[in-house]
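K.L.:
Supplied in structure tokens, the structure appears directly below.
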Amino acid sequence: MNSLLTPQFPYHDDPVVPLRLLEIDGKVAENRTSPMDDEQVLRALRLMMLSRAFDAKGISLQRQGRFGTFSPVRGQEASVVGSAFALDPTRDWIVPQYRELPALLHHGLPLERFILYFNGHPAGGYIPDEVRLLPIQISLAAQLPHAVGLAWGLKLQDMDGVVLTYFGDGASSEGDFHEACNLAGVVKAPVVFFLQNNGWAISTPRSRQSAARTLAERAPGYGFNGIVVDGNDLLAVYAVTAAAVERARAGLGPTLIESQTYRLGAHNTADDPTRYVSQEILNSWNERDPILRVQRYLAARGCWNDDTASEVSDDISRTIDQALAAARAVPPPTAEDLFRHTYAEMTERQGRQLGEYALSARARTISHDEPHEHA
Amino acid sequence: MLEAIRDALGTEMAADDRVILLGQDIGKFGGIFRATDGLLAKFGDKRVIDMPLAEAAIIGSALGLALSGLRPVAEIQFLGFAQQAFHQIVPQVARIRYRSQGRFAASLVIRAPFGGGVRTPELHSDAIECQFTQAQGLKVIAPSNPYDAKGMLLAAIRDPDPVLFCEPLHGYRFIKGEVPSTPYTIDIGRANVVREGSDVTLIAWSAAVDLAMRAADVLSTDGISAHVVDIRSLLPLDVDSIVAAAERTGRCVIIHEASLTAGFGAEIAATISRDAFYSLQAPIERVTAPDAPYPLAAAEQLFIPSIERVVAAARRTLEVQ
């Protein structure tokens, strides 16, 4: 071969071993220590279990027509919770995609807001003023440039907040991913790109998204570091994210974390994964269940048993029931909700259109209540 | 025109240190049309920022910067290239206030020149402002003269909602006018009668207003008095002023540089035919580009509306008794 064509950046496919701190059997990996204390791990586990329980409840309600289409987290709880625990909600921001419920809760979003959103109520989009969280993003990767701009803006104004943004393996094929990473590298934005590689974009496997060996190794092309972590390992995800947050806060710029996990459930409640996922693969990932791993770890440390498990489960059920009741208590949307918050002030034209709703509502009322004389 | 825009940018940057400029080649180079000339030297590279060549990243990060508390003014070199950021402008920037039920606002401005007549390469002249007028939550404005450009740009930067500020490429140096050196604002969403008349109403915005005025001059030599309305703001639309202008003569010609089908003239014509129906004396005429892609430069004078076509359309409305 012509030596002029000898690649300077040769592609190779040697396997990459994701960083792991906690083995599947719940033991801390050799020569490693836990970055979280027992109390932190217990709080994280409770949130992971809450997420799992909410998935089940949400699917059941959706099947009864009492809840909208939503995307369960099941299988990715360590990935979502471990990363969220590495942030300081009083100064850091989360810019989500849509499959990160427990991270949003940890950061301060009331569960009833999430329920309202997936119930289709406009009020579900509102995030309380003190919560540093952008709305759920349905358009894949569109949030990544926002995260970079927000992080860069904090830096320009000498604020010490860091922005963590979630997205998936599918979203990493979008142009916005490239443009956002590229800009983040140029301006050294204090941002953490947290890529949850859960194996699937609806039914499209990771192998169809990119020929790259890992998704994290794209980072050097943008002038910063990437790292691959076992996304079903709470401790490893936490440790890696905390390090990336620390780097960002110190002014050292972005990090791309590829959290290798697996979507144990469906893409959403309209999906049927039995058409494309084999039971064998599912079984192998079920063995690596992130919740079981943490429970084994805590049990070995004497912090988890059947009693604590049922206590936590009962507490979670109450939390979910209360949130569902709070969401149900919110009055249904009105015609005014269609227009309000489009602009800071309603336009004249919007005002007239809203007026027409009122007139037609009155007309309906009249036609129902006051039958026409000649009818 | 260009001086008025530069004046507005410098004025507001001096008055409000949250205002920052983003764009390609806007720093040392001063922008490809020099709209930001001298601003880097005055305000530094933390406020006049050269960006990677990526329209979606410019607009998407501008949204994030706005959420952090800054007031970004992003320059897109040509409106035709804003299509590269369409997915950030329409579903993201325009909707963040609604999606967050008022928690967040994209207080930012996107400046971009558009329109033909200067023999640009392909895609540089496309008049696509209408494509953004379905983006509820966005304001789409297109001033026609230097006075309005300064006042509306100052209003746009201070506006709590995102504003797409479309500048007439042909008019940058060609359209001249007096501009006060002091700051002033012009309300967004208000049309402006730029010439009083009684026989036929010409409705236009941006560079087409200049065309309408020239056509009005030609018509006046035949004793025809044209009433010329500068829409200035497409979204929100000043319905009352348009209807009043239509009722005044009962004969209307709408002029724009975009193609006919589903152009913004259709919106204006439908509005007039609904709200000024009983005043109309003749079918509403539209003078627009044909339903064809914007051509290469040698053919563009065939493509964009001409004075002759505006005059002919005005005469047609007057032929109807």
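Every chain in the structure tokens takes a letter, A first, then B, and so on in the order presented; its residues are numbered from 1, and the ligands are numbered from 1 following the presented order.
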Give as a list in words every residue of chain B that touches chain A within 7 Å, counting only C-alpha atoms.
P.N.:
Pro52, Ala54, Ala57, Gly60, Ser61, Ala62, Leu63, Gly64, Leu65, Leu67, Ser68, Leu70, Arg97, Tyr98, Arg99, Ser100, Gln101, Gly102, Arg103, Gln136, Gly137, Pro160, Asp161 and Pro236 of chain B
K.L.:
Save the residues we just selected, C-alpha atoms, as a short mmCIF file (atom, residue, chain, number, x, y, z; two decimals), in the first residue's frame?
P.N.:
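And here is the file that came out, result-v2.cif:
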```cif
data_model
loop_
_atom_site.label_atom_id
_atom_site.label_comp_id
_atom_site.auth_asym_id
_atom_site.auth_seq_id
_atom_site.Cartn_x
_atom_site.Cartn_y
_atom_site.Cartn_z
CA PRO B 52 -18.12 28.04 14.35
CA ALA B 54 -22.92 26.04 12.23
CA ALA B 57 -25.36 25.74 17.02
CA GLY B 60 -29.43 26.67 19.73
CA SER B 61 -26.66 28.05 21.91
CA ALA B 62 -28.22 31.53 21.70
CA LEU B 63 -31.30 30.00 23.31
CA GLY B 64 -29.14 28.51 26.08
CA LEU B 65 -27.32 31.81 26.53
CA LEU B 67 -31.75 31.09 29.49
CA SER B 68 -28.57 31.89 31.42
CA LEU B 70 -27.87 37.09 28.61
CA ARG B 97 -42.01 29.99 26.69
CA TYR B 98 -45.09 27.92 25.92
CA ARG B 99 -43.44 24.57 26.60
CA SER B 100 -42.28 25.78 29.99
CA GLN B 101 -45.61 27.54 30.68
CA GLY B 102 -43.87 30.86 31.15
CA ARG B 103 -40.91 29.71 33.26
CA GLN B 136 -46.18 30.94 17.07
CA GLY B 137 -44.09 32.42 19.86
CA PRO B 160 -39.08 39.50 26.09
CA ASP B 161 -39.88 37.22 23.14
CA PRO B 236 -47.76 39.52 15.02
#
```
K.L.:
Excluding Leu116 in chain A and any residue of its chain fewer than 3 positions from it, enumerate the residues within 10 Å of it, using only C-alpha atoms, and give them as JSON, numbers by chain.
P.N.:
{"A": [67, 68, 111, 112, 113, 119, 120, 121, 122, 123, 124, 125, 126, 323, 324, 326, 327, 328, 330]}
K.L.:
Write out, as a PDB file, in the first residue's frame, the residues just selected, with N, CA and C atoms.
P.N.:
```
ATOM      1  N   PHE A  67     -53.461   7.303  31.361  1.00  0.00           N
ATOM      2  CA  PHE A  67     -52.146   7.948  31.322  1.00  0.00           C
ATOM      3  C   PHE A  67     -51.678   7.939  29.874  1.00  0.00           C
ATOM      4  N   GLY A  68     -50.888   8.962  29.499  1.00  0.00           N
ATOM      5  CA  GLY A  68     -50.464   9.078  28.105  1.00  0.00           C
ATOM      6  C   GLY A  68     -49.292   8.166  27.763  1.00  0.00           C
ATOM      7  N   LEU A 111     -43.116  15.123  41.324  1.00  0.00           N
ATOM      8  CA  LEU A 111     -43.581  14.009  40.480  1.00  0.00           C
ATOM      9  C   LEU A 111     -44.902  14.346  39.787  1.00  0.00           C
ATOM     10  N   GLU A 112     -45.761  15.124  40.450  1.00  0.00           N
ATOM     11  CA  GLU A 112     -47.058  15.412  39.815  1.00  0.00           C
ATOM     12  C   GLU A 112     -46.910  16.234  38.536  1.00  0.00           C
ATOM     13  N   ARG A 113     -45.825  17.019  38.415  1.00  0.00           N
ATOM     14  CA  ARG A 113     -45.592  17.777  37.171  1.00  0.00           C
ATOM     15  C   ARG A 113     -45.320  16.815  36.022  1.00  0.00           C
ATOM     16  N   ASN A 119     -49.714  13.201  30.979  1.00  0.00           N
ATOM     17  CA  ASN A 119     -51.160  13.144  30.847  1.00  0.00           C
ATOM     18  C   ASN A 119     -51.647  14.141  29.812  1.00  0.00           C
ATOM     19  N   GLY A 120     -50.705  14.914  29.264  1.00  0.00           N
ATOM     20  CA  GLY A 120     -51.067  15.850  28.208  1.00  0.00           C
ATOM     21  C   GLY A 120     -51.564  17.192  28.703  1.00  0.00           C
ATOM     22  N   HIS A 121     -51.351  17.482  29.976  1.00  0.00           N
ATOM     23  CA  HIS A 121     -51.808  18.771  30.508  1.00  0.00           C
ATOM     24  C   HIS A 121     -50.713  19.823  30.305  1.00  0.00           C
ATOM     25  N   PRO A 122     -51.089  20.999  29.718  1.00  0.00           N
ATOM     26  CA  PRO A 122     -50.058  22.020  29.495  1.00  0.00           C
ATOM     27  C   PRO A 122     -49.293  22.380  30.774  1.00  0.00           C
ATOM     28  N   ALA A 123     -49.981  22.352  31.922  1.00  0.00           N
ATOM     29  CA  ALA A 123     -49.334  22.736  33.181  1.00  0.00           C
ATOM     30  C   ALA A 123     -48.165  21.802  33.523  1.00  0.00           C
ATOM     31  N   GLY A 124     -48.119  20.646  32.890  1.00  0.00           N
ATOM     32  CA  GLY A 124     -47.014  19.716  33.127  1.00  0.00           C
ATOM     33  C   GLY A 124     -45.688  20.239  32.624  1.00  0.00           C
ATOM     34  N   GLY A 125     -45.716  21.253  31.764  1.00  0.00           N
ATOM     35  CA  GLY A 125     -44.462  21.818  31.260  1.00  0.00           C
ATOM     36  C   GLY A 125     -43.810  22.779  32.237  1.00  0.00           C
ATOM     37  N   TYR A 126     -44.574  23.207  33.221  1.00  0.00           N
ATOM     38  CA  TYR A 126     -44.039  24.210  34.149  1.00  0.00           C
ATOM     39  C   TYR A 126     -43.097  23.566  35.154  1.00  0.00           C
ATOM     40  N   ALA A 323     -48.784  11.704  44.414  1.00  0.00           N
ATOM     41  CA  ALA A 323     -48.501  12.510  43.221  1.00  0.00           C
ATOM     42  C   ALA A 323     -49.630  12.351  42.198  1.00  0.00           C
ATOM     43  N   LEU A 324     -50.126  11.127  42.053  1.00  0.00           N
ATOM     44  CA  LEU A 324     -51.240  10.905  41.113  1.00  0.00           C
ATOM     45  C   LEU A 324     -52.469  11.687  41.562  1.00  0.00           C
ATOM     46  N   ALA A 326     -52.463  14.425  43.400  1.00  0.00           N
ATOM     47  CA  ALA A 326     -52.198  15.859  43.208  1.00  0.00           C
ATOM     48  C   ALA A 326     -52.391  16.245  41.747  1.00  0.00           C
ATOM     49  N   ALA A 327     -51.964  15.372  40.836  1.00  0.00           N
ATOM     50  CA  ALA A 327     -52.118  15.658  39.406  1.00  0.00           C
ATOM     51  C   ALA A 327     -53.594  15.643  39.019  1.00  0.00           C
ATOM     52  N   ARG A 328     -54.329  14.698  39.590  1.00  0.00           N
ATOM     53  CA  ARG A 328     -55.767  14.610  39.274  1.00  0.00           C
ATOM     54  C   ARG A 328     -56.525  15.841  39.761  1.00  0.00           C
ATOM     55  N   VAL A 330     -55.627  18.871  39.593  1.00  0.00           N
ATOM     56  CA  VAL A 330     -55.437  20.055  38.751  1.00  0.00           C
ATOM     57  C   VAL A 330     -56.584  20.130  37.744  1.00  0.00           C
TER      58      VAL A 330
END
```
K.L.:
Work out how far CA of Pro91 in chain B is from CA of Ile32 in chain B, in Å to one decimal.
P.N.:
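Taking CA of Ile32 in chain B as the start and CA of Pro91 in chain B as the end point, the length is 28.2 Å.
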K.L.:
So that I can check the secondary structure, give me every residue of range 54-118 of chain A assigned alpha helix (DSSP H) by backbone DSSP, as a PyMOL selection string.
P.N.:
chain A and resi 54-63+77-85+101-107+111-118
K.L.:
Please list as a list in words every residue within 6 Å of range 206-219 of chain B, counting only C-alpha atoms and excluding residues in the same chain fewer than 2 positions away.
P.N.:
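Contacts, with the query itself left out: Ala142, Pro143, Ser144, Pro168, Ala204, Thr221, Asp222, Ile224, Ala226, Ile307 and Val311 of chain B.
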K.L.:
So that I have them on file, write out the residues from the current selection with N, CA and C atoms, as a PDB file, in the first residue's frame.
P.N.:
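Ended up saving to result16.pdb:
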```
ATOM      1  N   ALA B 142     -39.686  42.942   9.498  1.00  0.00           N
ATOM      2  CA  ALA B 142     -38.888  43.227   8.305  1.00  0.00           C
ATOM      3  C   ALA B 142     -39.000  44.715   7.973  1.00  0.00           C
ATOM      4  N   PRO B 143     -38.154  45.540   8.583  1.00  0.00           N
ATOM      5  CA  PRO B 143     -38.232  46.979   8.342  1.00  0.00           C
ATOM      6  C   PRO B 143     -37.808  47.331   6.917  1.00  0.00           C
ATOM      7  N   SER B 144     -38.309  48.480   6.444  1.00  0.00           N
ATOM      8  CA  SER B 144     -38.045  48.868   5.056  1.00  0.00           C
ATOM      9  C   SER B 144     -37.116  50.061   4.951  1.00  0.00           C
ATOM     10  N   PRO B 168     -33.305  44.039   4.626  1.00  0.00           N
ATOM     11  CA  PRO B 168     -33.329  44.031   3.157  1.00  0.00           C
ATOM     12  C   PRO B 168     -31.910  44.102   2.586  1.00  0.00           C
ATOM     13  N   ALA B 204     -46.889  46.151   1.356  1.00  0.00           N
ATOM     14  CA  ALA B 204     -45.579  45.514   1.179  1.00  0.00           C
ATOM     15  C   ALA B 204     -44.807  45.568   2.489  1.00  0.00           C
ATOM     16  N   THR B 221     -48.265  59.975 -11.894  1.00  0.00           N
ATOM     17  CA  THR B 221     -48.139  60.732 -13.141  1.00  0.00           C
ATOM     18  C   THR B 221     -49.370  60.529 -14.024  1.00  0.00           C
ATOM     19  N   ASP B 222     -50.110  59.442 -13.770  1.00  0.00           N
ATOM     20  CA  ASP B 222     -51.369  59.204 -14.498  1.00  0.00           C
ATOM     21  C   ASP B 222     -52.577  59.667 -13.687  1.00  0.00           C
ATOM     22  N   ILE B 224     -53.263  58.683 -10.655  1.00  0.00           N
ATOM     23  CA  ILE B 224     -53.761  57.644  -9.734  1.00  0.00           C
ATOM     24  C   ILE B 224     -53.067  57.819  -8.384  1.00  0.00           C
ATOM     25  N   ALA B 226     -52.002  56.431  -4.963  1.00  0.00           N
ATOM     26  CA  ALA B 226     -51.781  55.149  -4.275  1.00  0.00           C
ATOM     27  C   ALA B 226     -51.538  55.375  -2.787  1.00  0.00           C
ATOM     28  N   ILE B 307     -41.372  47.281 -10.890  1.00  0.00           N
ATOM     29  CA  ILE B 307     -42.272  48.437 -10.840  1.00  0.00           C
ATOM     30  C   ILE B 307     -43.395  48.260 -11.866  1.00  0.00           C
ATOM     31  N   VAL B 311     -47.364  48.407 -11.146  1.00  0.00           N
ATOM     32  CA  VAL B 311     -48.211  49.414 -11.799  1.00  0.00           C
ATOM     33  C   VAL B 311     -49.342  48.729 -12.569  1.00  0.00           C
TER      34      VAL B 311
END
```
K.L.:
Got a sec: who's within 8 Å of Glu247 in chain B, counting only C-alpha atoms, leaving out chain neighbours fewer than 5 positions off, as a VMD selection string?
P.N.:
chain B and resid 276 279 to 280
K.L.:
Taking into account only C-alpha atoms, which residue in the set B:Asp148, B:Asp37, B:Asp240, B:Asp199 is nearest to Tyr184 in chain B?
P.N.:
B:Asp148
K.L.:
Expressed in Å to a single decimal, how great is the separation between CA of Pro283 in chain B and CA of Gly115 in chain B?
P.N.:
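Separation between CA of Pro283 in chain B and CA of Gly115 in chain B: 26.9 Å.
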